[in-house]
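Chemist: Below you will find the structure I want to go over with you.
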Amino acid sequence: MDFTVRSRVEELMDDPNMSFGLLKNAYRDINFCNKWLGGESITIQAVWKLIKNTPKKSYTILDMGCGDGTMLWKLSNFLSKHGVFHKMMGVDQREDVLAIARERCKGAPQISFHKADILMLGPGFECDIVINTLTMHHFEEERIGAFLQKFVELSSLGVVINDLERSKVSYALFKIFGPLFLQTHVAKYDGLVSISKGFKKHELLQMAKNIPSVSHDIRWKWAFRYVWVMEFNRHNN
């Protein structure tokens, strides 16, 4: 495995013909990992910091590549407990994934889901904060810049990106512990592929240079994650 460059191997979950049951079980495994390895809390705390820096009556949060909706569900519960009024929109290109998300967030009218191409989003999807959790590594190298520009275009307060570090150590540890704690072959296989498609810090810093007039904060977090927070100074209270 060459960790000097990002892998272009496709993940099994990117197969649009995967059965609904298999897909749902794979997301269960992924959510287990995110919960116990701190992936969810990284995004929640970064969003919370943006909110505390810019008090408003309410916030609109857009999740680009929302998957099964778990991140929005957890974030919505967190904000509700802190008395923060909010509306959330999740965007994904796959209707089968969105079906899982709608079932997951049933009874939460503040959360809506939309099937759309992220790069084609326009009026109606403007928001205060864009989040992107464990999704950017799915983007092809030559298209990431366009995605980032769309994030900046739609959000008024900031952007929170949470994704994997491409690391030999992480890859080796996942090969050991993945089979012990994950139930599905899909999650075990895709976990390794995801790490190989992750990022080095210098790559994220280079991307940040292409987005001027924005405050960038890129930090390594356990377990083998990077959180990239872009903060703007163009909000309207």
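Residue numbers start at 1 in each chain; chains themselves are named A, B, ... in the order of the structure tokens; ligands are numbered from 1 in the order shown.
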Per residue of segment 58-146 of chain A within 9 Å of segment 40-44 of chain A, which atom pair is closest and at what distance in Å (one decimal), using only C-alpha atoms, listed by chain and increasing number, as CSV?

Modeler:
```
residue,atom,partner,partner_atom,distance
A:Thr70,CA,A:Glu40,CA,8.9
A:Met71,CA,A:Glu40,CA,6.6
A:Lys74,CA,A:Glu40,CA,7.8
A:Leu75,CA,A:Ile44,CA,5.9
A:Phe78,CA,A:Ile44,CA,7.8
A:Leu79,CA,A:Ile44,CA,9.0
A:Ile131,CA,A:Thr43,CA,7.6
A:Asn132,CA,A:Thr43,CA,8.5
A:Thr133,CA,A:Thr43,CA,7.2
```

Chemist: Include N, CA and C atoms and write out the residues we just selected as an mmCIF file, in the first residue's frame.

Modeler:
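As written to disk, selection_27.cif reads:
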```
data_model
loop_
_atom_site.group_PDB
_atom_site.id
_atom_site.type_symbol
_atom_site.label_atom_id
_atom_site.label_comp_id
_atom_site.auth_asym_id
_atom_site.auth_seq_id
_atom_site.Cartn_x
_atom_site.Cartn_y
_atom_site.Cartn_z
ATOM 1 N N THR A 70 -27.409 9.986 10.557
ATOM 2 C CA THR A 70 -27.043 9.879 11.973
ATOM 3 C C THR A 70 -26.362 11.140 12.489
ATOM 4 N N MET A 71 -25.484 11.734 11.674
ATOM 5 C CA MET A 71 -24.769 12.941 12.124
ATOM 6 C C MET A 71 -25.753 14.075 12.397
ATOM 7 N N LYS A 74 -27.757 13.320 15.666
ATOM 8 C CA LYS A 74 -26.978 13.556 16.883
ATOM 9 C C LYS A 74 -26.749 15.050 17.104
ATOM 10 N N LEU A 75 -26.443 15.777 16.040
ATOM 11 C CA LEU A 75 -26.201 17.213 16.156
ATOM 12 C C LEU A 75 -27.468 17.957 16.556
ATOM 13 N N PHE A 78 -28.096 17.469 20.212
ATOM 14 C CA PHE A 78 -27.152 18.273 20.996
ATOM 15 C C PHE A 78 -27.600 19.731 21.054
ATOM 16 N N LEU A 79 -27.951 20.300 19.906
ATOM 17 C CA LEU A 79 -28.352 21.705 19.874
ATOM 18 C C LEU A 79 -29.660 21.936 20.628
ATOM 19 N N ILE A 131 -21.634 21.166 6.926
ATOM 20 C CA ILE A 131 -20.817 20.113 7.510
ATOM 21 C C ILE A 131 -20.601 19.007 6.480
ATOM 22 N N ASN A 132 -19.459 18.348 6.607
ATOM 23 C CA ASN A 132 -19.102 17.271 5.686
ATOM 24 C C ASN A 132 -18.299 16.264 6.496
ATOM 25 N N THR A 133 -18.936 15.175 6.885
ATOM 26 C CA THR A 133 -18.324 14.218 7.805
ATOM 27 C C THR A 133 -18.037 12.893 7.106
#
```

Chemist: Fewer than 3 positions away in the same chain doesn't count, so skip those; otherwise give me all residues within 6 Å of segment 116-128 of chain A, counting only C-alpha atoms, as a list in words.

Modeler: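 The neighbour list is Thr60, Ile61, Gln93, Leu154, Ser155, Ser156 and Leu157 of chain A.
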
Chemist: Write out, as a Markdown table, each residue of segment 112-216 of chain A that has an atom at most 6 Å from segment 222-230 of chain A, together with the closest pair of atoms and their distance in Å to one decimal, counting only C-alpha atoms, rows going by chain and rising number.

Modeler:
```
| residue | atom | partner | partner_atom | distance |
| --- | --- | --- | --- | --- |
| A:Gly158 | CA | A:Met230 | CA | 5.2 |
| A:Val159 | CA | A:Met230 | CA | 5.0 |
| A:Val160 | CA | A:Val229 | CA | 4.7 |
| A:Ile161 | CA | A:Trp228 | CA | 5.0 |
| A:Asn162 | CA | A:Val227 | CA | 4.5 |
| A:Asp163 | CA | A:Tyr226 | CA | 5.5 |
| A:Leu164 | CA | A:Arg225 | CA | 4.5 |
| A:Glu165 | CA | A:Arg225 | CA | 5.2 |
| A:Ser215 | CA | A:Met230 | CA | 5.5 |
| A:His216 | CA | A:Met230 | CA | 4.8 |
```

Chemist: Pick out the residues sitting within 9 Å of Ala187 of chain A, and hand them over as a list in words; count only C-alpha atoms, and ignore anything fewer than 6 positions along from it in its own chain.

Modeler: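 Contacts, with the query itself left out: Leu12, Met13, Asn25, Ala26, Tyr27, Asp29, Ile30 and Gly178 of chain A.
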
Chemist: Now that the selection is made, can you save its residues with C-alpha atoms as an mmCIF file, in the first residue's frame?

Modeler:
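Okay, part-v4.cif is ready:
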```
data_model
loop_
_atom_site.group_PDB
_atom_site.id
_atom_site.type_symbol
_atom_site.label_atom_id
_atom_site.label_comp_id
_atom_site.auth_asym_id
_atom_site.auth_seq_id
_atom_site.Cartn_x
_atom_site.Cartn_y
_atom_site.Cartn_z
ATOM 1 C CA LEU A 12 -18.222 -1.296 -1.839
ATOM 2 C CA MET A 13 -20.822 1.115 -0.451
ATOM 3 C CA ASN A 25 -26.230 -3.049 8.173
ATOM 4 C CA ALA A 26 -23.033 -1.459 6.883
ATOM 5 C CA TYR A 27 -24.156 1.948 8.180
ATOM 6 C CA ASP A 29 -21.193 -0.751 11.685
ATOM 7 C CA ILE A 30 -19.941 2.654 10.536
ATOM 8 C CA GLY A 178 -11.896 -4.038 12.430
#
```

Chemist: Select from chain A everything DSSP, run on the backbone, classes as strand (DSSP E), then give the selection as a PyMOL selection string.

Modeler: chain A and resi 58-64+85-92+111-115+127-133+155-164+215-221+225-231

Chemist: Okay, now the selection with C-alpha atoms, as a PDB file, in the first residue's frame?

Modeler:
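For reference, selection11.pdb as written:
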```pdb
ATOM      1  CA  SER A  58     -31.599  30.273  14.875  1.00  0.00           C
ATOM      2  CA  TYR A  59     -29.250  28.394  12.564  1.00  0.00           C
ATOM      3  CA  THR A  60     -29.563  26.460   9.336  1.00  0.00           C
ATOM      4  CA  ILE A  61     -27.098  23.596   8.916  1.00  0.00           C
ATOM      5  CA  LEU A  62     -26.512  21.743   5.645  1.00  0.00           C
ATOM      6  CA  ASP A  63     -24.920  18.273   5.656  1.00  0.00           C
ATOM      7  CA  MET A  64     -23.232  17.584   2.316  1.00  0.00           C
ATOM      8  CA  PHE A  85     -33.214  26.770  17.492  1.00  0.00           C
ATOM      9  CA  HIS A  86     -32.197  25.187  14.203  1.00  0.00           C
ATOM     10  CA  LYS A  87     -33.168  23.723  10.849  1.00  0.00           C
ATOM     11  CA  MET A  88     -31.130  21.028   9.135  1.00  0.00           C
ATOM     12  CA  MET A  89     -30.925  19.775   5.570  1.00  0.00           C
ATOM     13  CA  GLY A  90     -29.172  16.606   4.460  1.00  0.00           C
ATOM     14  CA  VAL A  91     -28.106  16.123   0.844  1.00  0.00           C
ATOM     15  CA  ASP A  92     -27.088  12.866  -0.797  1.00  0.00           C
ATOM     16  CA  ILE A 111     -34.498  17.787   9.661  1.00  0.00           C
ATOM     17  CA  SER A 112     -35.193  17.349   5.944  1.00  0.00           C
ATOM     18  CA  PHE A 113     -33.422  15.262   3.311  1.00  0.00           C
ATOM     19  CA  HIS A 114     -32.920  15.957  -0.382  1.00  0.00           C
ATOM     20  CA  LYS A 115     -31.646  13.910  -3.309  1.00  0.00           C
ATOM     21  CA  CYS A 127     -27.273  27.982   5.171  1.00  0.00           C
ATOM     22  CA  ASP A 128     -25.251  29.209   8.121  1.00  0.00           C
ATOM     23  CA  ILE A 129     -22.975  26.180   8.425  1.00  0.00           C
ATOM     24  CA  VAL A 130     -22.008  23.390   6.033  1.00  0.00           C
ATOM     25  CA  ILE A 131     -20.817  20.113   7.510  1.00  0.00           C
ATOM     26  CA  ASN A 132     -19.102  17.271   5.686  1.00  0.00           C
ATOM     27  CA  THR A 133     -18.324  14.218   7.805  1.00  0.00           C
ATOM     28  CA  SER A 155     -22.624  28.924   3.919  1.00  0.00           C
ATOM     29  CA  SER A 156     -22.546  32.272   5.695  1.00  0.00           C
ATOM     30  CA  LEU A 157     -20.779  31.429   8.971  1.00  0.00           C
ATOM     31  CA  GLY A 158     -18.450  28.557   8.242  1.00  0.00           C
ATOM     32  CA  VAL A 159     -17.676  25.018   7.111  1.00  0.00           C
ATOM     33  CA  VAL A 160     -16.768  21.968   9.208  1.00  0.00           C
ATOM     34  CA  ILE A 161     -15.020  19.082   7.460  1.00  0.00           C
ATOM     35  CA  ASN A 162     -14.216  15.925   9.418  1.00  0.00           C
ATOM     36  CA  ASP A 163     -12.305  13.240   7.546  1.00  0.00           C
ATOM     37  CA  LEU A 164      -9.679  10.540   7.815  1.00  0.00           C
ATOM     38  CA  SER A 215      -9.943  31.680   8.451  1.00  0.00           C
ATOM     39  CA  HIS A 216      -8.717  28.071   8.261  1.00  0.00           C
ATOM     40  CA  ASP A 217      -8.082  25.846  11.280  1.00  0.00           C
ATOM     41  CA  ILE A 218      -6.901  22.289  10.466  1.00  0.00           C
ATOM     42  CA  ARG A 219      -6.201  19.988  13.416  1.00  0.00           C
ATOM     43  CA  TRP A 220      -5.435  16.316  13.946  1.00  0.00           C
ATOM     44  CA  LYS A 221      -7.883  14.525  16.236  1.00  0.00           C
ATOM     45  CA  ARG A 225      -8.963  12.257  11.898  1.00  0.00           C
ATOM     46  CA  TYR A 226      -8.558  15.811  10.715  1.00  0.00           C
ATOM     47  CA  VAL A 227     -11.095  18.495  11.481  1.00  0.00           C
ATOM     48  CA  TRP A 228     -10.950  21.458   9.123  1.00  0.00           C
ATOM     49  CA  VAL A 229     -12.949  24.493  10.202  1.00  0.00           C
ATOM     50  CA  MET A 230     -13.418  27.448   7.875  1.00  0.00           C
ATOM     51  CA  GLU A 231     -14.820  30.543   9.544  1.00  0.00           C
TER      52      GLU A 231
END
```

Chemist: A:Val186, A:Leu192, A:Ala108, A:Leu22: which is nearest Ala172 of chain A, counting only C-alpha atoms?

Modeler: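 Nearest candidate to Ala172 of chain A out of A:Val186, A:Leu192, A:Ala108, A:Leu22: A:Leu192.
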
Chemist: Provide the atom CA of Val84 of chain A to atom CA of Leu50 of chain A distance in Å, to one decimal place.

Modeler: 12.6 Å

Chemist: As a count of residues only, which residues of segment 163-230 of chain A does DSSP assign to alpha helix (DSSP H)?

Modeler: 35

Chemist: Considering only C-alpha atoms, state which residue in the set A:Arg8, A:Arg28, A:Lys197, A:His185 is at the smallest distance from Ile100 of chain A.

Modeler: A:Arg28

Chemist: Of the candidates A:Asn34, A:Gln183, A:Gly145, A:Arg94, which one gets nearest to Lys209 of chain A if we count only C-alpha atoms?

Modeler: A:Gly145

Chemist: Might you pull out every residue within 9 Å of Lys200 of chain A, with only C-alpha atoms counted and same-chain residues fewer than 2 positions away left off, and present them as a list in words?

Modeler: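 Residues meeting the cut-off are Thr4, Leu164, Glu165, Arg166, Ser167, Gly198, His202, Glu203, Leu204, Leu205 and Tyr226 of chain A.
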
Chemist: Create the file for the chosen residues now, containing N, CA and C atoms and written as a PDB file, in the first residue's frame.

Modeler:
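Result saved to result.pdb:
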```pdb
ATOM      1  N   THR A   4       1.752   7.520   0.077  1.00  0.00           N
ATOM      2  CA  THR A   4       2.188   8.849  -0.342  1.00  0.00           C
ATOM      3  C   THR A   4       1.144   9.533  -1.225  1.00  0.00           C
ATOM      4  N   LEU A 164     -10.710  11.465   7.359  1.00  0.00           N
ATOM      5  CA  LEU A 164      -9.679  10.540   7.815  1.00  0.00           C
ATOM      6  C   LEU A 164      -8.272  10.971   7.443  1.00  0.00           C
ATOM      7  N   GLU A 165      -7.333  10.652   8.319  1.00  0.00           N
ATOM      8  CA  GLU A 165      -5.921  10.777   7.999  1.00  0.00           C
ATOM      9  C   GLU A 165      -5.490   9.519   7.248  1.00  0.00           C
ATOM     10  N   ARG A 166      -4.730   9.701   6.196  1.00  0.00           N
ATOM     11  CA  ARG A 166      -4.152   8.575   5.463  1.00  0.00           C
ATOM     12  C   ARG A 166      -2.873   8.170   6.184  1.00  0.00           C
ATOM     13  N   SER A 167      -2.933   7.049   6.886  1.00  0.00           N
ATOM     14  CA  SER A 167      -1.862   6.715   7.818  1.00  0.00           C
ATOM     15  C   SER A 167      -1.588   5.210   7.823  1.00  0.00           C
ATOM     16  N   GLY A 198      -7.857   8.718   2.454  1.00  0.00           N
ATOM     17  CA  GLY A 198      -7.843   9.869   3.345  1.00  0.00           C
ATOM     18  C   GLY A 198      -6.792  10.894   2.959  1.00  0.00           C
ATOM     19  N   HIS A 202      -0.574  18.233   4.927  1.00  0.00           N
ATOM     20  CA  HIS A 202      -0.045  19.176   3.944  1.00  0.00           C
ATOM     21  C   HIS A 202      -0.968  19.273   2.725  1.00  0.00           C
ATOM     22  N   GLU A 203      -1.720  18.209   2.423  1.00  0.00           N
ATOM     23  CA  GLU A 203      -2.664  18.260   1.310  1.00  0.00           C
ATOM     24  C   GLU A 203      -3.839  19.168   1.641  1.00  0.00           C
ATOM     25  N   LEU A 204      -4.326  19.072   2.879  1.00  0.00           N
ATOM     26  CA  LEU A 204      -5.426  19.944   3.294  1.00  0.00           C
ATOM     27  C   LEU A 204      -4.973  21.403   3.343  1.00  0.00           C
ATOM     28  N   LEU A 205      -3.760  21.634   3.816  1.00  0.00           N
ATOM     29  CA  LEU A 205      -3.241  23.006   3.867  1.00  0.00           C
ATOM     30  C   LEU A 205      -3.121  23.597   2.459  1.00  0.00           C
ATOM     31  N   TYR A 226      -8.822  14.379  10.792  1.00  0.00           N
ATOM     32  CA  TYR A 226      -8.558  15.811  10.715  1.00  0.00           C
ATOM     33  C   TYR A 226      -9.889  16.543  10.760  1.00  0.00           C
TER      34      TYR A 226
END
```

Chemist: Using only C-alpha atoms, which of the listed residues (A:Lys175, A:Lys201, A:Lys81, A:Lys168) sits closest to Tyr189 of chain A?

Modeler: A:Lys175
